[in-house]
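Listing of coords.cif, mmCIF, C-alpha atoms and all ligand atoms
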data_coords
loop_
_atom_site.label_atom_id
_atom_site.label_comp_id
_atom_site.auth_asym_id
_atom_site.auth_seq_id
_atom_site.Cartn_x
_atom_site.Cartn_y
_atom_site.Cartn_z
CA MET A 5 59.40 125.79 -46.67
CA ASP A 6 61.24 122.72 -47.95
CA PRO A 7 58.83 121.19 -50.50
CA ARG A 8 59.51 117.70 -49.12
CA LEU A 9 58.48 118.81 -45.63
CA GLU A 10 55.38 120.48 -47.03
CA ALA A 11 54.45 117.29 -48.92
CA LEU A 12 54.96 115.20 -45.77
CA LEU A 13 52.75 117.51 -43.68
CA ARG A 14 50.00 117.30 -46.27
CA ARG A 15 50.23 113.58 -46.97
CA MET A 16 50.85 112.10 -43.55
CA PRO A 17 47.81 110.35 -42.06
CA LYS A 18 46.60 112.13 -38.95
CA ALA A 19 43.81 112.23 -36.38
CA GLU A 20 41.90 115.40 -35.54
CA LEU A 21 40.85 115.47 -31.87
CA HIS A 22 39.83 119.08 -31.23
CA LEU A 23 37.23 120.23 -33.71
CA HIS A 24 33.95 121.92 -32.82
CA ILE A 25 31.69 120.85 -35.64
CA GLU A 26 29.67 124.09 -35.31
CA GLY A 27 32.97 125.88 -35.91
CA SER A 28 33.24 124.28 -39.36
CA LEU A 29 30.20 126.24 -40.64
CA GLU A 30 31.59 128.30 -43.50
CA PRO A 31 29.90 131.69 -44.15
CA GLU A 32 28.51 130.43 -47.49
CA MET A 33 26.81 127.52 -45.72
CA ILE A 34 25.51 129.83 -42.97
CA PHE A 35 23.74 131.88 -45.64
CA ARG A 36 22.48 128.81 -47.50
CA LEU A 37 21.00 127.28 -44.32
CA ALA A 38 19.57 130.65 -43.20
CA GLU A 39 17.66 130.82 -46.48
CA ARG A 40 16.56 127.18 -46.32
CA ASN A 41 15.30 127.58 -42.74
CA HIS A 42 14.03 131.17 -43.00
CA VAL A 43 16.39 132.41 -40.27
CA LYS A 44 17.16 136.12 -40.27
CA LEU A 45 20.86 136.96 -39.92
CA ALA A 46 22.34 140.16 -38.52
CA TYR A 47 24.75 140.31 -41.51
CA GLY A 48 23.71 141.22 -45.04
CA SER A 49 26.27 139.20 -46.99
CA VAL A 50 28.96 136.53 -46.79
CA GLU A 51 31.57 139.30 -47.06
CA ALA A 52 30.02 141.32 -44.21
CA LEU A 53 29.93 138.22 -42.01
CA ARG A 54 33.53 137.31 -42.82
CA ALA A 55 34.60 140.89 -42.10
CA ALA A 56 33.26 140.44 -38.54
CA TYR A 57 35.80 137.64 -37.92
CA ALA A 58 38.29 139.97 -36.23
CA PHE A 59 38.47 138.57 -32.73
CA THR A 60 40.19 139.97 -29.67
CA SER A 61 39.40 137.19 -27.17
CA LEU A 62 37.58 133.88 -26.79
CA GLN A 63 34.34 135.68 -25.85
CA SER A 64 34.43 137.97 -28.89
CA PHE A 65 34.58 134.81 -31.04
CA LEU A 66 31.91 132.87 -29.10
CA ASP A 67 29.34 135.65 -29.63
CA ILE A 68 29.64 135.28 -33.42
CA TYR A 69 30.00 131.48 -33.29
CA TYR A 70 26.67 131.09 -31.45
CA ALA A 71 24.98 133.51 -33.89
CA GLY A 72 26.28 131.40 -36.82
CA ALA A 73 24.96 128.19 -35.25
CA SER A 74 21.43 129.66 -35.12
CA VAL A 75 20.84 128.57 -38.75
CA LEU A 76 20.99 124.88 -37.75
CA ARG A 77 17.48 123.54 -37.31
CA LYS A 78 17.00 120.06 -38.77
CA ALA A 79 18.92 116.80 -38.88
CA GLU A 80 19.81 117.44 -42.54
CA ASP A 81 21.47 120.76 -41.57
CA PHE A 82 23.72 118.94 -39.11
CA PHE A 83 24.42 116.30 -41.74
CA ASP A 84 25.35 118.89 -44.40
CA MET A 85 27.63 120.77 -42.01
CA ALA A 86 29.45 117.66 -40.81
CA PHE A 87 29.76 116.06 -44.24
CA ALA A 88 31.31 119.28 -45.60
CA TYR A 89 33.87 119.02 -42.78
CA PHE A 90 34.64 115.39 -43.64
CA GLN A 91 35.24 116.31 -47.30
CA ARG A 92 37.87 118.83 -46.16
CA ALA A 93 39.30 116.41 -43.62
CA ALA A 94 39.68 113.68 -46.25
CA ALA A 95 41.59 116.14 -48.47
CA ASP A 96 43.94 116.75 -45.51
CA ASN A 97 44.50 113.00 -45.00
CA VAL A 98 42.65 112.90 -41.69
CA VAL A 99 41.95 109.21 -41.06
CA HIS A 100 40.24 109.62 -37.69
CA ALA A 101 38.23 112.51 -36.22
CA GLU A 102 36.61 113.00 -32.82
CA LEU A 103 34.06 115.79 -33.24
CA PHE A 104 32.83 118.07 -30.47
CA PHE A 105 29.23 119.18 -30.59
CA ASP A 106 27.31 121.56 -28.30
CA PRO A 107 23.75 120.24 -27.79
CA GLN A 108 22.75 123.07 -25.45
CA THR A 109 23.36 125.66 -28.19
CA HIS A 110 20.63 123.96 -30.21
CA THR A 111 18.15 122.69 -27.61
CA ALA A 112 17.93 126.26 -26.23
CA ARG A 113 16.44 127.21 -29.63
CA GLY A 114 13.95 124.35 -29.55
CA VAL A 115 15.94 121.96 -31.77
CA PRO A 116 15.53 118.39 -30.47
CA VAL A 117 18.79 116.74 -29.46
CA ALA A 118 17.71 113.74 -31.57
CA ALA A 119 17.94 115.90 -34.73
CA VAL A 120 21.43 117.09 -33.74
CA ILE A 121 22.81 113.63 -33.02
CA GLU A 122 21.04 111.84 -35.89
CA GLY A 123 22.34 114.35 -38.46
CA LEU A 124 25.91 114.20 -37.13
CA GLU A 125 25.90 110.43 -36.79
CA HIS A 126 24.64 109.99 -40.34
CA ALA A 127 27.54 112.17 -41.58
CA CYS A 128 30.01 110.06 -39.56
CA ARG A 129 28.70 106.87 -41.19
CA ARG A 130 28.84 108.40 -44.66
CA ALA A 131 32.42 109.67 -44.05
CA HIS A 132 33.46 106.15 -43.17
CA ALA A 133 31.75 104.66 -46.22
CA GLU A 134 33.06 107.26 -48.69
CA TYR A 135 36.46 108.24 -47.31
CA GLY A 136 37.37 105.48 -44.86
CA ILE A 137 37.50 108.09 -42.08
CA SER A 138 36.67 106.70 -38.67
CA ALA A 139 34.68 109.32 -36.79
CA SER A 140 33.13 109.64 -33.36
CA LEU A 141 31.26 112.29 -31.40
CA ILE A 142 32.03 114.01 -28.08
CA LEU A 143 29.19 115.89 -26.38
CA CYS A 144 30.36 119.17 -24.84
CA PHE A 145 28.76 120.99 -21.94
CA LEU A 146 28.73 124.80 -22.10
CA ARG A 147 30.66 125.99 -19.08
CA HIS A 148 28.99 129.43 -18.93
CA LEU A 149 25.76 127.57 -18.03
CA SER A 150 25.09 125.78 -14.73
CA GLU A 151 25.95 122.21 -13.76
CA GLU A 152 22.21 121.59 -13.38
CA GLU A 153 21.77 122.50 -17.05
CA ALA A 154 24.65 120.18 -17.97
CA PHE A 155 22.87 117.34 -16.12
CA ALA A 156 19.67 118.12 -18.07
CA ALA A 157 21.60 118.06 -21.37
CA LEU A 158 23.16 114.70 -20.43
CA GLU A 159 19.77 113.25 -19.51
CA GLU A 160 18.25 114.35 -22.83
CA ALA A 161 21.15 112.85 -24.79
CA LEU A 162 21.28 109.49 -22.98
CA PRO A 163 18.75 107.77 -25.28
CA HIS A 164 21.45 108.34 -27.97
CA ARG A 165 24.28 107.12 -25.73
CA LYS A 166 25.62 104.68 -28.33
CA HIS A 167 26.34 107.55 -30.73
CA PHE A 168 28.85 109.44 -28.59
CA VAL A 169 32.08 108.21 -27.01
CA GLY A 170 32.74 110.96 -24.52
CA ILE A 171 31.99 114.34 -23.04
CA GLY A 172 33.88 117.63 -23.01
CA LEU A 173 33.69 121.13 -21.56
CA ASP A 174 33.84 124.25 -23.73
CA SER A 175 32.69 127.89 -24.09
CA SER A 176 33.81 130.79 -21.84
CA GLU A 177 36.67 129.55 -19.67
CA ARG A 178 37.50 132.48 -17.39
CA GLY A 179 35.41 132.51 -14.22
CA HIS A 180 34.08 128.99 -14.89
CA PRO A 181 36.55 126.60 -13.23
CA PRO A 182 36.37 122.83 -13.77
CA GLU A 183 35.14 122.29 -10.18
CA LYS A 184 31.77 123.69 -11.27
CA PHE A 185 31.18 120.46 -13.24
CA ALA A 186 32.62 117.90 -10.80
CA ARG A 187 29.38 115.96 -10.25
CA VAL A 188 28.25 115.74 -13.87
CA PHE A 189 31.71 114.57 -14.97
CA ALA A 190 31.68 111.93 -12.20
CA ARG A 191 28.30 110.71 -13.47
CA CYS A 192 29.66 110.51 -17.02
CA GLY A 193 32.58 108.46 -15.72
CA GLU A 194 30.11 105.99 -14.20
CA LEU A 195 28.40 105.78 -17.59
CA GLY A 196 31.69 104.74 -19.19
CA LEU A 197 32.11 107.94 -21.20
CA HIS A 198 35.54 109.33 -22.02
CA ARG A 199 36.21 112.72 -20.45
CA VAL A 200 38.07 115.71 -21.89
CA ALA A 201 37.98 119.42 -21.00
CA HIS A 202 39.15 122.74 -22.38
CA ALA A 203 41.60 124.20 -19.86
CA GLY A 204 44.51 126.60 -19.93
CA GLU A 205 43.50 128.36 -23.15
CA GLU A 206 42.66 131.66 -21.47
CA GLY A 207 42.27 130.23 -17.97
CA PRO A 208 45.16 129.71 -15.54
CA PRO A 209 47.25 126.52 -15.14
CA GLU A 210 45.22 125.69 -11.99
CA TYR A 211 42.28 124.93 -14.32
CA ILE A 212 44.42 122.27 -16.05
CA SER A 213 45.28 120.61 -12.72
CA ALA A 214 41.62 120.74 -11.67
CA ALA A 215 40.48 119.24 -15.00
CA LEU A 216 42.83 116.30 -14.31
CA ASP A 217 42.22 115.91 -10.56
CA VAL A 218 38.55 116.82 -10.23
CA LEU A 219 37.08 116.01 -13.67
CA LYS A 220 39.45 113.07 -14.37
CA ALA A 221 39.98 114.44 -17.87
CA GLU A 222 41.96 112.07 -20.11
CA ARG A 223 43.04 114.86 -22.48
CA ILE A 224 43.33 118.61 -22.09
CA ASP A 225 42.01 120.78 -24.91
CA HIS A 226 44.48 123.63 -25.54
CA GLY A 227 46.41 123.53 -22.23
CA VAL A 228 49.04 125.96 -23.57
CA ARG A 229 49.15 127.97 -20.32
CA CYS A 230 50.66 124.92 -18.55
CA VAL A 231 54.09 126.46 -19.15
CA GLU A 232 53.40 128.94 -16.35
CA ASP A 233 53.73 126.03 -13.88
CA PRO A 234 56.89 123.95 -14.43
CA ALA A 235 55.72 121.23 -11.99
CA LEU A 236 52.53 120.87 -14.05
CA VAL A 237 54.54 120.54 -17.27
CA GLN A 238 56.55 117.75 -15.64
CA ARG A 239 53.36 116.03 -14.55
CA LEU A 240 51.81 116.26 -18.03
CA ALA A 241 54.98 114.79 -19.53
CA ARG A 242 55.27 112.01 -16.95
CA GLN A 243 51.62 110.97 -17.24
CA ARG A 244 51.58 111.51 -21.03
CA VAL A 245 48.45 113.61 -20.81
CA PRO A 246 47.68 114.69 -24.38
CA LEU A 247 47.23 118.38 -25.17
CA THR A 248 45.08 119.10 -28.23
CA VAL A 249 46.68 122.34 -29.38
CA CYS A 250 45.14 124.62 -32.04
CA PRO A 251 47.76 127.02 -33.41
CA LEU A 252 45.64 129.17 -35.76
CA SER A 253 42.91 129.47 -33.11
CA ASN A 254 45.42 130.62 -30.50
CA VAL A 255 46.74 133.36 -32.77
CA LYS A 256 43.25 134.47 -33.93
CA LEU A 257 42.00 134.70 -30.33
CA CYS A 258 45.16 136.55 -29.23
CA VAL A 259 46.37 133.81 -26.84
CA PHE A 260 49.72 134.40 -28.64
CA GLY A 261 50.66 137.58 -30.50
CA SER A 262 51.85 135.67 -33.57
CA MET A 263 52.72 132.17 -34.77
CA ALA A 264 56.39 133.03 -34.14
CA GLU A 265 55.52 133.33 -30.43
CA HIS A 266 53.44 130.14 -30.14
CA ASN A 267 54.76 127.73 -27.48
CA LEU A 268 53.99 124.47 -29.32
CA PRO A 269 57.69 123.86 -30.15
CA ALA A 270 58.55 124.34 -26.47
CA LEU A 271 55.80 121.93 -25.39
CA LEU A 272 57.12 119.29 -27.80
CA GLN A 273 60.66 119.92 -26.58
CA ALA A 274 59.44 119.34 -23.01
CA GLY A 275 58.29 115.87 -24.08
CA LEU A 276 54.54 116.48 -23.94
CA CYS A 277 52.06 114.49 -26.03
CA VAL A 278 51.08 117.49 -28.17
CA THR A 279 48.72 117.25 -31.15
CA VAL A 280 47.76 119.81 -33.84
CA ASN A 281 44.09 120.55 -34.49
CA SER A 282 41.86 123.17 -36.11
CA ASP A 283 39.33 123.99 -33.32
CA ASP A 284 36.88 126.13 -35.37
CA PRO A 285 38.38 126.07 -38.87
CA ALA A 286 35.74 128.20 -40.62
CA TYR A 287 36.44 131.04 -38.18
CA PHE A 288 40.18 130.77 -37.61
CA GLY A 289 41.56 130.64 -41.14
CA GLY A 290 42.04 126.99 -41.96
CA TYR A 291 41.64 123.26 -41.52
CA VAL A 292 44.17 120.93 -39.94
CA ASN A 293 46.75 120.97 -42.75
CA SER A 294 46.69 124.79 -42.76
CA ASN A 295 47.47 124.63 -39.05
CA PHE A 296 50.46 122.36 -39.69
CA LEU A 297 51.70 124.38 -42.68
CA THR A 298 51.34 127.82 -41.06
CA LEU A 299 53.01 126.63 -37.87
CA PHE A 300 55.92 124.88 -39.60
CA ALA A 301 56.44 127.82 -42.01
CA ALA A 302 56.75 130.20 -39.03
CA ARG A 303 59.05 127.94 -37.01
CA PRO A 304 62.25 126.73 -38.68
CA GLU A 305 63.10 124.58 -35.64
CA LEU A 306 60.22 122.29 -36.62
CA GLY A 307 61.06 119.68 -39.24
CA ARG A 308 60.39 116.14 -40.41
CA GLU A 309 60.95 114.55 -37.00
CA GLN A 310 58.47 116.88 -35.26
CA ALA A 311 55.91 116.38 -38.04
CA LEU A 312 55.99 112.61 -37.55
CA THR A 313 55.88 112.95 -33.76
CA LEU A 314 52.78 115.16 -33.97
CA ALA A 315 51.00 112.67 -36.26
CA ARG A 316 52.01 109.73 -34.03
CA ASN A 317 50.78 111.64 -30.95
CA SER A 318 47.40 112.22 -32.61
CA PHE A 319 46.83 108.47 -32.90
CA GLU A 320 48.15 107.74 -29.40
CA ALA A 321 45.87 110.44 -27.91
CA SER A 322 42.73 109.23 -29.71
CA PHE A 323 40.04 107.08 -28.15
CA ALA A 324 40.40 104.39 -30.83
CA GLY A 325 41.34 100.81 -29.94
CA ALA A 326 44.93 99.56 -29.73
CA ALA A 327 44.79 97.52 -32.97
CA GLN A 328 43.42 100.50 -34.91
CA LYS A 329 46.11 102.79 -33.48
CA ALA A 330 48.81 100.31 -34.50
CA ALA A 331 47.38 100.13 -38.04
CA TRP A 332 47.51 103.95 -38.38
CA ALA A 333 51.06 104.00 -37.02
CA ARG A 334 52.06 101.54 -39.77
CA GLN A 335 50.35 103.73 -42.39
CA LEU A 336 52.32 106.69 -41.07
CA ASP A 337 55.59 104.73 -41.22
CA ALA A 338 54.86 103.82 -44.85
CA VAL A 339 54.24 107.46 -45.83
CA ALA A 340 57.37 108.51 -43.92
CA ALA A 341 59.50 105.86 -45.67
CA ALA A 342 58.16 106.89 -49.09
CA SER A 343 58.95 110.55 -48.41
CA GLY A 344 62.34 109.86 -46.78
N1 LIG A 401 37.29 127.40 -26.64
C1 LIG A 401 36.20 127.29 -25.87
N2 LIG A 401 35.00 127.05 -26.36
C2 LIG A 401 34.87 126.88 -27.66
C3 LIG A 401 35.94 126.99 -28.52
C4 LIG A 401 37.22 127.24 -27.96
O1 LIG A 401 38.25 127.35 -28.65
N3 LIG A 401 35.47 126.78 -29.76
C5 LIG A 401 34.15 126.55 -29.66
N4 LIG A 401 33.77 126.62 -28.39
ZN ZN A 402 38.00 124.30 -28.68
#

Rewrite the coordinates I just gave you, this time as structure tokens.
Amino acid sequence: MDPRLEALLRRMPKAELHLHIEGSLEPEMIFRLAERNHVKLAYGSVEALRAAYAFTSLQSFLDIYYAGASVLRKAEDFFDMAFAYFQRAAADNVVHAELFFDPQTHTARGVPVAAVIEGLEHACRRAHAEYGISASLILCFLRHLSEEEAFAALEEALPHRKHFVGIGLDSSERGHPPEKFARVFARCGELGLHRVAHAGEEGPPEYISAALDVLKAERIDHGVRCVEDPALVQRLARQRVPLTVCPLSNVKLCVFGSMAEHNLPALLQAGLCVTVNSDDPAYFGGYVNSNFLTLFAARPELGREQALTLARNSFEASFAGAAQKAAWARQLDAVAAASG
């Protein structure tokens, strides 16, 4: 790759909007926390665990991802995990991050939601103080569980309402359409929470339309299967619905056979508000800059202009205020001018 393009991709300020914080647990930290909390793991070593990261589908990944999260017990564990992510994000010039977390994964093991949110929130504050990163939290409901359970998770989290800006929908997509969560998303809308949803990763384009129409999602996480419905692509472009795309994740989970086959360039070409994100970086082979670098290395049609568009889109698609977004856009312009 042109070294000037590589430098721009690394240095440009960017926002990360699709990051499951439990997916940032590196194998070394899984083992450290397992020892600290006396949790028995099914794998004997870091190497054996890493060797299991050969996924064939979303579900094959989720099984290992939930096993990894079982080492998280106390607020300090959530703090350590999230602060390690922020150190990596700062190195990648992430200036704003909206972190997904899955409370139900932890409360099912008897971990109080207060410990989850307090640990994560403390890491967000520290990231701002040490790195100037602005960070917020998005509570995700597990879609393989019932809507009743999502309501219970919301109720438990509401005493901590000021610490999260929105709600999302993740876990196994196939067979769990957005309609299943219509009422809980409506309630969250009344509470003034932002709404996002995973859709069109493995599920059909109809799930994307339903996430917009039924759940009133403001952003679609993944959304890459929209291309199967040209009218939907036109709608996403017209309404500037952001898609938080995760290139390394999509290749690791076999949504695309290789980076050379990924449709992100086509989505950009169609005028969609596409962003680049890392999803579960400890499991999929890299943090946000690795996603940019691997994608751009595989796709010669992507250059300086697309890099800047992707960074600009990440700010536009964020839930930050207008003045903050304008300030980041100016920072981006300054980096672009210096690397021109
Ligand atoms: N898709 C759905 N659920 C998830 C993912 C994902 O990529 N990562 C963590 N939970
Ligand atoms: Zn995801």

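The shell of residues at most 12 Å from A:Leu162, with all atoms listed in the file counted and near chain neighbours (fewer than 4 positions) removed, consists of Val117, Ala118, Ile121, Leu143, Phe155, Ala156, Ala157, Leu158, Lys166, His167, Phe168, Val169, Gly170, Ile171, Arg191, Cys192, Leu195 and Leu197 of chain A.
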
Query raised in the report: If we count all atoms listed in the file, what is near A:Ala154 at a cut-off of 12 Å, once residues fewer than 5 positions away on the same chain are taken out, given as a list in words?
Result: Asp106, Pro107, Gln108, Thr109, Thr111, Leu143, Cys144, Phe145, Leu146, Arg147, His148, Leu149, Glu159, Glu160, Ala161, Ile171, Gly172, Leu173, Asp174, Lys184, Phe185, Ala186, Arg187, Val188, Phe189, Arg191 and Cys192 of chain A

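Around A:Val231, within 12 Å and counting all atoms listed in the file, the residues found are A:Gly204, A:Glu205, A:Pro208, A:Pro209, A:Glu210, A:Ile212, A:Val237, A:Gln238, A:Arg239, A:Leu240, A:Ala241, A:His266, A:Asn267, A:Leu268, A:Pro269, A:Ala270, A:Leu271, A:Leu272, A:Gln273, A:Ala274, A:Leu276, once anything fewer than 6 positions away on its own chain is removed.
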
Report task. Can you tell me which residues come within 7 Å of ligand LIG 401 (chain A) when counting all atoms listed in the file, ideally as JSON, numbers by chain? Result -> {"A": [24, 27, 62, 66, 174, 175, 176, 177, 202, 253, 283, 284]}

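Minimum distance to ligand ZN 402 (chain A) across A:Leu336, A:Ala321, A:Leu247, A:Val98 (counting all atoms listed in the file) occurs at A:Leu247.
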
Requested in this report: Kindly give the distance, in Å, that separates atom CA of A:Leu23 and atom CA of A:His42, rounded to a single decimal.
Outcome: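 About the pair atom CA of A:Leu23 and atom CA of A:His42: they are 27.3 Å apart.
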
Query raised in the report: For ligand ZN 402 (chain A), which of A:Phe296, A:Phe105, A:Phe319, A:Phe90 is the closest residue, counting all atoms listed in the file?
Result: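 Nearest candidate to ligand ZN 402 (chain A) out of A:Phe296, A:Phe105, A:Phe319, A:Phe90: A:Phe105.
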
Query - Who sits within 12 Å of A:Lys18, only C-alpha atoms, same chain under 4 positions skipped, as a ChimeraX atom specification - result: /A:12-14,93-102,137-138,279-281,292-293,296,311-322,329,332-337,339

Requested in this report: Have a look at A:Met85, A:Met263, A:Ala235, A:Ala11 and name the one nearest to A:Cys250; count all atoms listed in the file.
Outcome: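 Looking only at the distances to A:Cys250, the closest residue turns out to be A:Met263.
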
Query - Shell of 12 Å around A:Leu9, all atoms listed in the file, local chain residues under 4 positions omitted, as a PyMOL selection string - result: chain A and resi 5+13-16+296-297+300-301+304+306-312+340+343-344

Query raised in the report: Hey, can you check how far atom CA of A:Arg113 sits from atom CA of A:Arg77?
Result: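 According to the coordinates, atom CA of A:Arg113 and atom CA of A:Arg77 are separated by 8.6 Å.
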
Query raised in the report: Using only C-alpha atoms and all ligand atoms, which residue out of A:Asp225, A:Asp233, A:Glu134, A:Glu122 lies closest to ligand ZN 402 (chain A)?
Result: A:Asp225

Query raised in the report: atom CA of A:Val249 and atom CA of A:Ala215, how far apart in Å?
Result: 16.0 Å

Query - Pick from A:Cys230, A:Val200, A:Leu29, A:Ala73, whichever lies nearest to ligand ZN 402 (chain A) using all atoms listed in the file - result: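 For ligand ZN 402 (chain A), the nearest of the given residues is A:Val200.
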
Requested in this report: Determine the nearest neighbour of A:Glu32 from the options A:Gly325, A:Pro234, A:Gly72, A:Gly196, counting only C-alpha atoms.
Outcome: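 Closest to A:Glu32, using only C-alpha atoms: A:Gly72.
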
Taking all atoms of stretch 318-332 of chain A that the file lists, what box with edges along x, y and z, padded by 3 Å per side, do you get, with centre and edge lengths in Å to one decimal, as lines of an AutoDock Vina configuration file?
center_x = 44.4
center_y = 104.9
center_z = -33.1
size_x = 14.8
size_y = 20.7
size_z = 16.5
